[in-house]
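One file, protein05.tsv, carrying TSV, C-alpha atoms:
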chain	number	residue	atom	x	y	z
V	252	MET	CA	-52.38	3.16	22.87
V	253	LYS	CA	-49.35	2.11	20.84
V	254	GLN	CA	-50.84	3.75	17.77
V	255	LEU	CA	-51.29	6.98	19.73
V	256	LEU	CA	-47.64	6.94	20.85
V	257	LEU	CA	-46.45	6.45	17.26
V	258	ILE	CA	-48.58	9.35	16.08
V	259	LEU	CA	-47.13	11.62	18.79
V	260	THR	CA	-43.50	10.47	18.28
V	261	PHE	CA	-43.30	11.09	14.50
V	262	PRO	CA	-43.84	14.89	14.66
V	263	LEU	CA	-41.19	15.14	17.39
V	264	LEU	CA	-38.62	13.29	15.28
V	265	PHE	CA	-39.48	15.46	12.26
V	266	LEU	CA	-39.13	18.65	14.34
V	267	THR	CA	-35.77	17.52	15.78
V	268	ALA	CA	-34.39	16.75	12.28
V	269	CYS	CA	-35.49	20.15	11.00
V	270	GLN	CA	-33.85	21.90	13.95
V	271	GLU	CA	-30.57	20.04	13.36
V	272	LYS	CA	-30.65	20.91	9.65
V	273	GLY	CA	-31.42	24.54	10.44
V	274	ALA	CA	-28.57	24.63	12.96
V	275	THR	CA	-26.20	23.31	10.30
V	276	ARG	CA	-27.25	26.03	7.86
V	277	LYS	CA	-26.83	28.70	10.53
V	278	SER	CA	-23.32	27.47	11.39
V	279	SER	CA	-22.30	27.52	7.72
V	280	SER	CA	-23.72	31.00	7.24
V	281	SER	CA	-22.01	32.23	10.40
V	282	SER	CA	-18.68	30.77	9.22
V	283	GLN	CA	-18.96	32.52	5.84
V	284	LEU	CA	-19.86	35.78	7.57
V	285	GLN	CA	-16.80	35.45	9.81
V	286	CYS	CA	-14.64	35.01	6.70
V	287	ASN	CA	-15.77	38.38	5.41
V	288	LEU	CA	-15.62	40.37	8.64
V	289	ASN	CA	-12.56	42.52	9.38
V	290	GLN	CA	-10.92	41.28	6.18
V	291	ASN	CA	-10.62	37.76	7.67
V	292	PHE	CA	-11.39	36.61	4.12
V	293	TYR	CA	-7.62	36.93	3.50
V	294	TYR	CA	-6.22	36.09	6.92
V	295	GLN	CA	-8.26	33.33	8.59
V	296	PRO	CA	-7.25	29.75	7.76
V	297	GLY	CA	-10.06	28.09	5.85
V	298	CYS	CA	-11.40	31.33	4.37
V	299	PRO	CA	-11.34	31.52	0.53
V	300	GLY	CA	-8.69	34.25	0.33
V	301	PHE	CA	-6.31	32.83	2.95
V	302	CYS	CA	-3.96	31.21	0.44
V	303	GLN	CA	-3.63	34.50	-1.46
V	304	SER	CA	-2.09	36.07	1.63
V	305	TYR	CA	-0.17	33.01	2.84
V	306	PRO	CA	0.74	30.92	-0.22
V	307	THR	CA	3.56	29.22	1.71
V	308	HIS	CA	1.22	27.90	4.43
V	309	ALA	CA	1.11	24.10	4.57
V	310	MET	CA	-2.62	24.03	3.82
V	311	CYS	CA	-2.00	26.00	0.63
V	312	TYR	CA	0.58	23.71	-0.98
V	313	SER	CA	-0.50	22.34	-4.34
V	314	SER	CA	0.87	18.84	-3.70
V	315	ASN	CA	-0.81	15.58	-4.65
V	316	THR	CA	-0.74	14.10	-1.16
V	317	GLY	CA	-0.75	16.17	2.00
V	318	GLY	CA	2.85	17.47	2.74
V	319	THR	CA	4.13	19.63	5.48
V	320	THR	CA	7.53	20.63	4.18
V	321	GLY	CA	8.28	23.35	1.69
V	322	THR	CA	11.12	25.40	0.26
V	323	THR	CA	11.03	28.91	-1.14
V	324	THR	CA	12.96	29.81	-4.27
V	325	GLY	CA	12.49	33.10	-6.10
V	326	THR	CA	8.77	33.69	-6.60
V	327	THR	CA	7.58	30.10	-6.20
V	328	VAL	CA	6.95	27.82	-3.27
V	329	GLY	CA	7.11	24.07	-3.42
V	330	GLY	CA	5.52	21.58	-1.04
V	331	THR	CA	6.84	18.00	-1.10
V	332	SER	CA	5.42	14.73	0.14
V	333	GLY	CA	5.84	11.13	-0.94
V	334	GLY	CA	7.97	12.10	-3.92
V	335	THR	CA	5.45	14.61	-5.29
V	336	THR	CA	6.08	18.34	-5.60
V	337	GLY	CA	3.54	21.12	-5.95
V	338	ILE	CA	4.50	24.61	-7.15
V	339	ILE	CA	2.39	27.72	-6.71
V	340	THR	CA	3.14	31.35	-7.56
V	341	ASN	CA	3.17	33.96	-4.84
V	342	PRO	CA	0.45	36.40	-5.99
V	343	PHE	CA	2.13	39.29	-4.17
V	344	ASP	CA	5.55	38.96	-5.81
V	345	GLN	CA	4.81	40.88	-9.02
V	346	VAL	CA	7.80	43.14	-9.54
V	347	ALA	CA	8.20	43.74	-13.27
V	348	SER	CA	11.09	46.21	-13.20
V	349	SER	CA	13.60	43.56	-14.25
V	350	ALA	CA	12.07	43.92	-17.72
V	351	VAL	CA	13.16	47.56	-18.04
V	352	ASN	CA	14.36	48.08	-21.60
V	353	SER	CA	17.20	50.56	-21.19
V	354	ASN	CA	19.46	51.83	-23.94
V	355	TRP	CA	22.31	52.63	-21.56
V	356	GLY	CA	24.32	54.65	-24.06
V	357	VAL	CA	21.39	57.04	-24.57
V	358	LYS	CA	19.43	56.96	-21.31
V	359	TYR	CA	22.30	56.94	-18.83
V	360	PRO	CA	25.53	58.13	-20.45
V	361	GLY	CA	26.82	59.11	-17.00
V	362	GLY	CA	26.02	55.70	-15.54
V	363	VAL	CA	22.96	54.43	-13.66
V	364	PRO	CA	22.88	55.69	-10.04
V	365	SER	CA	23.67	52.88	-7.62
V	366	GLY	CA	21.12	53.85	-4.94
V	367	SER	CA	20.16	51.67	-1.98
V	368	CYS	CA	17.24	50.45	0.11
V	369	SER	CA	17.42	49.03	3.63
V	370	ALA	CA	16.82	45.30	3.88
V	371	PRO	CA	13.49	44.06	5.29
V	372	TYR	CA	13.78	42.45	8.72
V	373	ASN	CA	11.71	40.38	11.14
V	374	PRO	CA	9.37	42.44	13.33
V	375	SER	CA	10.21	42.37	17.04
V	376	GLY	CA	8.20	40.32	19.49
V	377	ILE	CA	7.11	37.54	17.12
V	378	ASN	CA	7.59	33.81	17.60
V	379	PHE	CA	7.15	32.71	13.98
V	380	THR	CA	9.01	33.12	10.69
V	381	PRO	CA	7.39	35.98	8.74
V	382	TYR	CA	6.75	35.94	5.02
V	383	ASN	CA	8.60	38.16	2.59
V	384	THR	CA	7.25	41.64	1.96
V	385	ARG	CA	4.76	42.10	-0.88
V	386	LYS	CA	6.01	43.73	-4.10
V	387	ALA	CA	4.49	45.19	-7.25
V	388	THR	CA	5.44	47.57	-10.08
V	389	MET	CA	3.72	50.51	-11.80
V	390	THR	CA	4.86	51.83	-15.19
V	391	ILE	CA	3.05	55.01	-16.26
V	392	VAL	CA	3.33	57.44	-19.17
V	393	GLY	CA	4.63	60.96	-18.51
V	394	LYS	CA	2.19	63.74	-17.51
V	395	SER	CA	-0.13	61.09	-16.11
V	396	PHE	CA	-0.85	59.77	-12.62
V	397	TYR	CA	-1.32	56.24	-11.32
V	398	SER	CA	-4.69	55.18	-9.94
V	399	PRO	CA	-6.33	51.74	-10.07
V	400	ALA	CA	-9.66	53.58	-10.33
V	401	SER	CA	-8.69	55.44	-13.51
V	402	GLY	CA	-10.54	54.52	-16.66
V	403	VAL	CA	-7.36	53.16	-18.27
V	404	ALA	CA	-5.84	51.17	-15.37
V	405	ALA	CA	-6.69	47.83	-16.99
V	406	ASN	CA	-4.59	48.84	-20.00
V	407	TYR	CA	-1.38	49.62	-18.08
V	408	THR	CA	1.53	47.71	-19.63
V	409	ASN	CA	4.58	46.52	-17.67
V	410	THR	CA	2.49	46.99	-14.51
V	411	SER	CA	1.65	44.29	-11.95
V	412	SER	CA	-1.83	42.83	-12.37
V	413	LEU	CA	-2.72	43.62	-8.75
V	414	LEU	CA	-2.28	47.33	-9.49
V	415	LYS	CA	-4.66	47.34	-12.47
V	416	SER	CA	-7.90	47.36	-10.48
V	417	VAL	CA	-9.24	48.73	-7.21
V	418	SER	CA	-9.96	45.25	-5.85
V	419	GLY	CA	-6.46	44.06	-6.76
V	420	ALA	CA	-4.79	47.08	-5.15
V	421	GLN	CA	-6.90	46.64	-2.01
V	422	THR	CA	-5.74	43.04	-1.87
V	423	LEU	CA	-2.10	44.15	-2.05
V	424	PHE	CA	-2.68	46.41	0.98
V	425	SER	CA	-5.04	44.07	2.87
V	426	THR	CA	-4.22	43.57	6.56
V	427	ASP	CA	-5.80	43.57	10.00
V	428	ALA	CA	-3.33	45.81	11.85
V	429	ALA	CA	0.24	46.39	10.61
V	430	LEU	CA	0.67	48.16	7.28
V	431	LYS	CA	3.66	50.02	5.80
V	432	VAL	CA	4.58	50.94	2.24
V	433	ARG	CA	7.65	52.30	0.49
V	434	PHE	CA	8.47	53.14	-3.12
V	435	LYS	CA	11.64	52.37	-5.06
V	436	VAL	CA	12.49	54.58	-8.05
V	437	ILE	CA	13.40	52.50	-11.11
V	438	GLN	CA	15.53	53.84	-13.96
V	439	GLN	CA	13.65	55.30	-16.90
V	440	PRO	CA	13.12	52.77	-19.72
V	441	GLU	CA	13.95	53.53	-23.32
V	442	THR	CA	10.73	53.81	-25.33
V	443	SER	CA	9.97	53.82	-29.05
V	444	ASN	CA	7.05	53.38	-31.42
V	445	ALA	CA	7.99	49.73	-31.78
V	446	SER	CA	8.36	49.27	-27.99
V	447	PRO	CA	6.26	51.96	-26.24
V	448	TYR	CA	6.75	50.24	-22.86
V	449	CYS	CA	3.95	52.18	-21.15
V	450	TYR	CA	0.32	52.67	-22.15
V	451	GLY	CA	-0.44	55.98	-23.93
V	452	ARG	CA	3.14	56.87	-24.81
V	453	ALA	CA	3.46	59.52	-27.55
V	454	SER	CA	6.05	59.31	-30.32
V	455	GLY	CA	9.13	61.49	-30.07
V	456	ALA	CA	12.91	61.63	-29.77
V	457	SER	CA	14.76	60.13	-26.80
V	458	ILE	CA	16.65	62.07	-24.11
V	459	PRO	CA	18.75	60.82	-21.16
V	460	GLY	CA	16.76	59.40	-18.26
V	461	TYR	CA	15.90	60.97	-14.91
V	462	THR	CA	18.16	60.16	-11.97
V	463	LYS	CA	15.63	61.44	-9.41
V	464	LEU	CA	11.84	61.41	-9.24
V	465	GLN	CA	9.54	63.74	-7.32
V	466	PHE	CA	5.95	62.61	-6.68
V	467	ASN	CA	3.09	62.80	-4.20
V	468	VAL	CA	1.08	59.95	-2.70
V	469	GLN	CA	-2.55	59.82	-1.60
V	470	LEU	CA	-4.47	57.07	0.16
V	471	VAL	CA	-8.05	56.25	-0.84
V	472	GLY	CA	-9.99	54.34	1.81
V	473	THR	CA	-13.49	52.92	2.20
V	474	ARG	CA	-15.13	53.25	5.60
V	475	ALA	CA	-17.44	50.71	7.20
V	476	ASN	CA	-20.50	52.61	5.93
V	477	GLY	CA	-19.27	52.40	2.33
V	478	THR	CA	-18.15	56.02	1.94
V	479	THR	CA	-14.79	56.69	0.28
V	480	GLU	CA	-12.30	59.32	1.43
V	481	THR	CA	-8.89	60.53	0.24
V	482	GLU	CA	-5.96	61.17	2.59
V	483	PRO	CA	-2.75	63.00	1.48
V	484	LEU	CA	0.41	61.15	2.53
V	485	GLY	CA	3.09	63.58	1.35
V	486	THR	CA	5.55	64.45	-1.42
V	487	TYR	CA	8.79	62.53	-1.93
V	488	THR	CA	12.02	63.17	-3.86
V	489	ILE	CA	14.04	59.98	-4.34
V	490	GLY	CA	17.00	58.91	-6.48
V	491	VAL	CA	16.99	56.04	-8.94
V	492	ASN	CA	17.41	52.63	-7.27
V	493	SER	CA	16.70	54.14	-3.83
V	494	CYS	CA	13.59	53.86	-1.62
V	495	THR	CA	11.41	56.31	0.24
V	496	PRO	CA	11.34	55.95	4.03
V	497	ALA	CA	8.60	53.61	5.25
V	498	ILE	CA	5.14	55.22	5.21
V	499	ASP	CA	3.15	53.85	8.14
V	500	LEU	CA	-0.47	53.21	7.14
V	501	SER	CA	-1.49	51.08	10.12
V	502	SER	CA	-3.98	53.64	11.46
V	503	TYR	CA	-5.64	53.89	8.05
V	504	ALA	CA	-6.12	50.12	7.88
V	505	SER	CA	-8.35	50.22	10.95
V	506	ALA	CA	-10.10	53.46	9.92
V	507	TYR	CA	-11.01	52.05	6.50
V	508	PRO	CA	-12.14	48.42	6.98
V	509	GLY	CA	-13.60	48.44	3.46
V	510	GLY	CA	-10.06	48.52	2.01
V	511	VAL	CA	-7.38	51.02	0.95
V	512	TYR	CA	-5.30	51.72	-2.14
V	513	LEU	CA	-2.79	54.40	-3.18
V	514	VAL	CA	-2.71	57.04	-5.92
V	515	VAL	CA	0.62	58.45	-7.18
V	516	GLY	CA	0.61	61.81	-8.99
V	517	SER	CA	2.46	65.04	-9.84
V	518	VAL	CA	5.41	62.95	-11.02
V	519	ARG	CA	8.43	64.99	-12.14
V	520	GLY	CA	11.98	64.05	-13.09
V	521	ASN	CA	15.23	66.01	-12.73
V	522	GLN	CA	15.26	66.67	-16.48
V	523	GLY	CA	14.39	70.37	-16.32
V	524	PRO	CA	16.22	73.18	-18.17
V	525	VAL	CA	19.95	72.70	-17.76
V	526	ASN	CA	23.10	74.59	-18.81
V	527	PHE	CA	25.36	71.58	-19.32
V	528	ASP	CA	25.81	68.87	-21.93
V	529	TYR	CA	23.40	66.27	-20.58
V	530	TRP	CA	23.87	64.16	-23.70
V	531	THR	CA	27.40	63.43	-22.51
V	532	ILE	CA	27.02	63.18	-18.74
V	533	GLY	CA	23.29	62.61	-18.26
V	534	PHE	CA	21.21	64.19	-15.49
V	535	ASN	CA	23.20	62.86	-12.50
V	536	SER	CA	24.05	66.38	-11.31
V	537	SER	CA	20.73	68.04	-12.18
V	538	SER	CA	18.39	69.36	-9.48
V	539	SER	CA	15.95	71.03	-11.88
V	540	PHE	CA	12.63	69.17	-12.06
V	541	ALA	CA	10.06	69.08	-14.84
V	542	ASP	CA	7.06	66.94	-15.79
V	543	ILE	CA	8.01	63.64	-17.37
V	544	ARG	CA	7.46	63.97	-21.12
V	545	THR	CA	4.60	62.11	-22.77
V	546	GLN	CA	7.28	60.45	-24.95
V	547	ASP	CA	8.61	58.73	-21.80
V	548	CYS	CA	7.50	56.52	-18.92
V	549	TRP	CA	8.20	56.59	-15.19
V	550	VAL	CA	8.55	53.45	-13.09
V	551	LEU	CA	8.10	52.76	-9.36
V	552	ASP	CA	8.31	49.53	-7.40
V	553	VAL	CA	5.88	49.28	-4.48
V	554	GLU	CA	6.82	47.28	-1.38
V	555	VAL	CA	4.27	46.48	1.35
V	556	ALA	CA	4.78	45.22	4.90
V	557	ALA	CA	1.60	43.83	6.49
V	558	ASP	CA	0.47	41.32	9.10
V	559	GLY	CA	2.66	38.23	8.94
V	560	THR	CA	5.39	39.74	6.71
V	561	LYS	CA	8.81	41.18	7.31
V	562	THR	CA	8.96	44.94	7.84
V	563	PHE	CA	11.25	47.87	6.95
V	564	ASP	CA	12.17	51.40	8.06
Exercise: express the given structure as structure tokens:
Amino acid sequence: MKQLLLILTFPLLFLTACQEKGATRKSSSSSQLQCNLNQNFYYQPGCPGFCQSYPTHAMCYSSNTGGTTGTTTGTTVGGTSGGTTGIITNPFDQVASSAVNSNWGVKYPGGVPSGSCSAPYNPSGINFTPYNTRKATMTIVGKSFYSPASGVAANYTNTSSLLKSVSGAQTLFSTDAALKVRFKVIQQPETSNASPYCYGRASGASIPGYTKLQFNVQLVGTRANGTTETEPLGTYTIGVNSCTPAIDLSSYASAYPGGVYLVVGSVRGNQGPVNFDYWTIGFNSSSSFADIRTQDCWVLDVEVAADGTKTFD
């Protein structure tokens, strides 16, 4: 009788162990699936992309021993604990415009326009401290448009790495609900054969820089079924060192769960035919627009407000 009980008990133990192992696999698979649904990959603690969106979160500190305190300085975040400090770079803070190589006597003889942009602020109705807005820079040769899907995007120089690929640009704009963008016009850099500054620049003589840019913006989104569509967002005319009004993309974020990115085209500067001595005073007073020459570059900073960040108007 005892032998019979042992024979019957063994299969039951084996079956129970298999069920527990299968349940563990299912839970792991379900967790990974949850990380990839609704872009939670970037926004759910524990998912692989979480620290890309929230590098200042305590769980993302690169410290040797746990640590719950941190300070933010410039583009880095430090977490401290037990005398150790870990530093990580915010992947969204990629503004390269500080590297603009301007020959002020040639490019802006009338002085660089001062311009202004409203300061980001905390969204209303929140009970936590939001992160800074996300920033990036594009630097593109004249008579050309910006698109991360173009065949030359990977070659863009003086352009943020996130803007050099579709996946990178979609990461910059990744969110669950809130999404705004604005563009800041950066002064035109001085270019030369020795320092072309932007990819594809042609050789040629220098002229004073634009003081206003005119351009249009389109959104490219991927729907849940994998199809891609393009949405026009409008045309903007903005002065150097000033920003466009906030462009609210929140409705597009939900309509295109597969991700969105932006294309900037038809870029023109106020360097059209003029009847004054622009070599002496520059183009500050010009309202005549023309395509940016292939001998020159145009530069825009991109600022993004998304879930968990400050916002702007």
### Query
Could you name the residues that touch Val550 (chain V) at 6 Å or less, counting all atoms listed in the file, but leaving out those on the same chain fewer than 3 positions away, as a list in words?
Met389, Thr390 and Ile437 of chain V
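Residue nearest Asp542 (chain V) within the list V:Lys463, V:Arg385, V:Arg433, V:Arg519: V:Arg519 [criterion: smallest interatomic distance, all atoms listed in the file].
A straight line drawn from CA of Cys368 (chain V) to CA of Gln465 (chain V) is 17.1 Å long.
Of note, CA of Ser536 (chain V) and CA of Pro364 (chain V) are spaced 10.8 Å apart.
For the choices V:Pro447, V:Gly516, V:Gly485, V:Gly490, the atom-to-atom distance to Ser365 (chain V) is smallest for V:Gly490 when using all atoms listed in the file.
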## Note on the structure
Residue with the minimum atom-to-atom distance to Val491 (chain V), picked from V:Asp547, V:Glu441, V:Asp344, V:Asp552 with all atoms listed in the file counted, is V:Asp552
### Query
From the list V:Gly451, V:Pro496, V:Phe396, V:Ala445, which residue is nearest Asn467 (chain V) when using all atoms listed in the file?
V:Phe396
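CA of Gln421 (chain V) lies 5.3 Å from CA of Tyr512 (chain V).
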#### Entry: Residues near Pro508 (chain V), cut-off 7 Å, only C-alpha atoms, skip fewer than 2 positions along chain, as a VMD selection string
chain V and resid 289 473 to 475 504 to 506 510
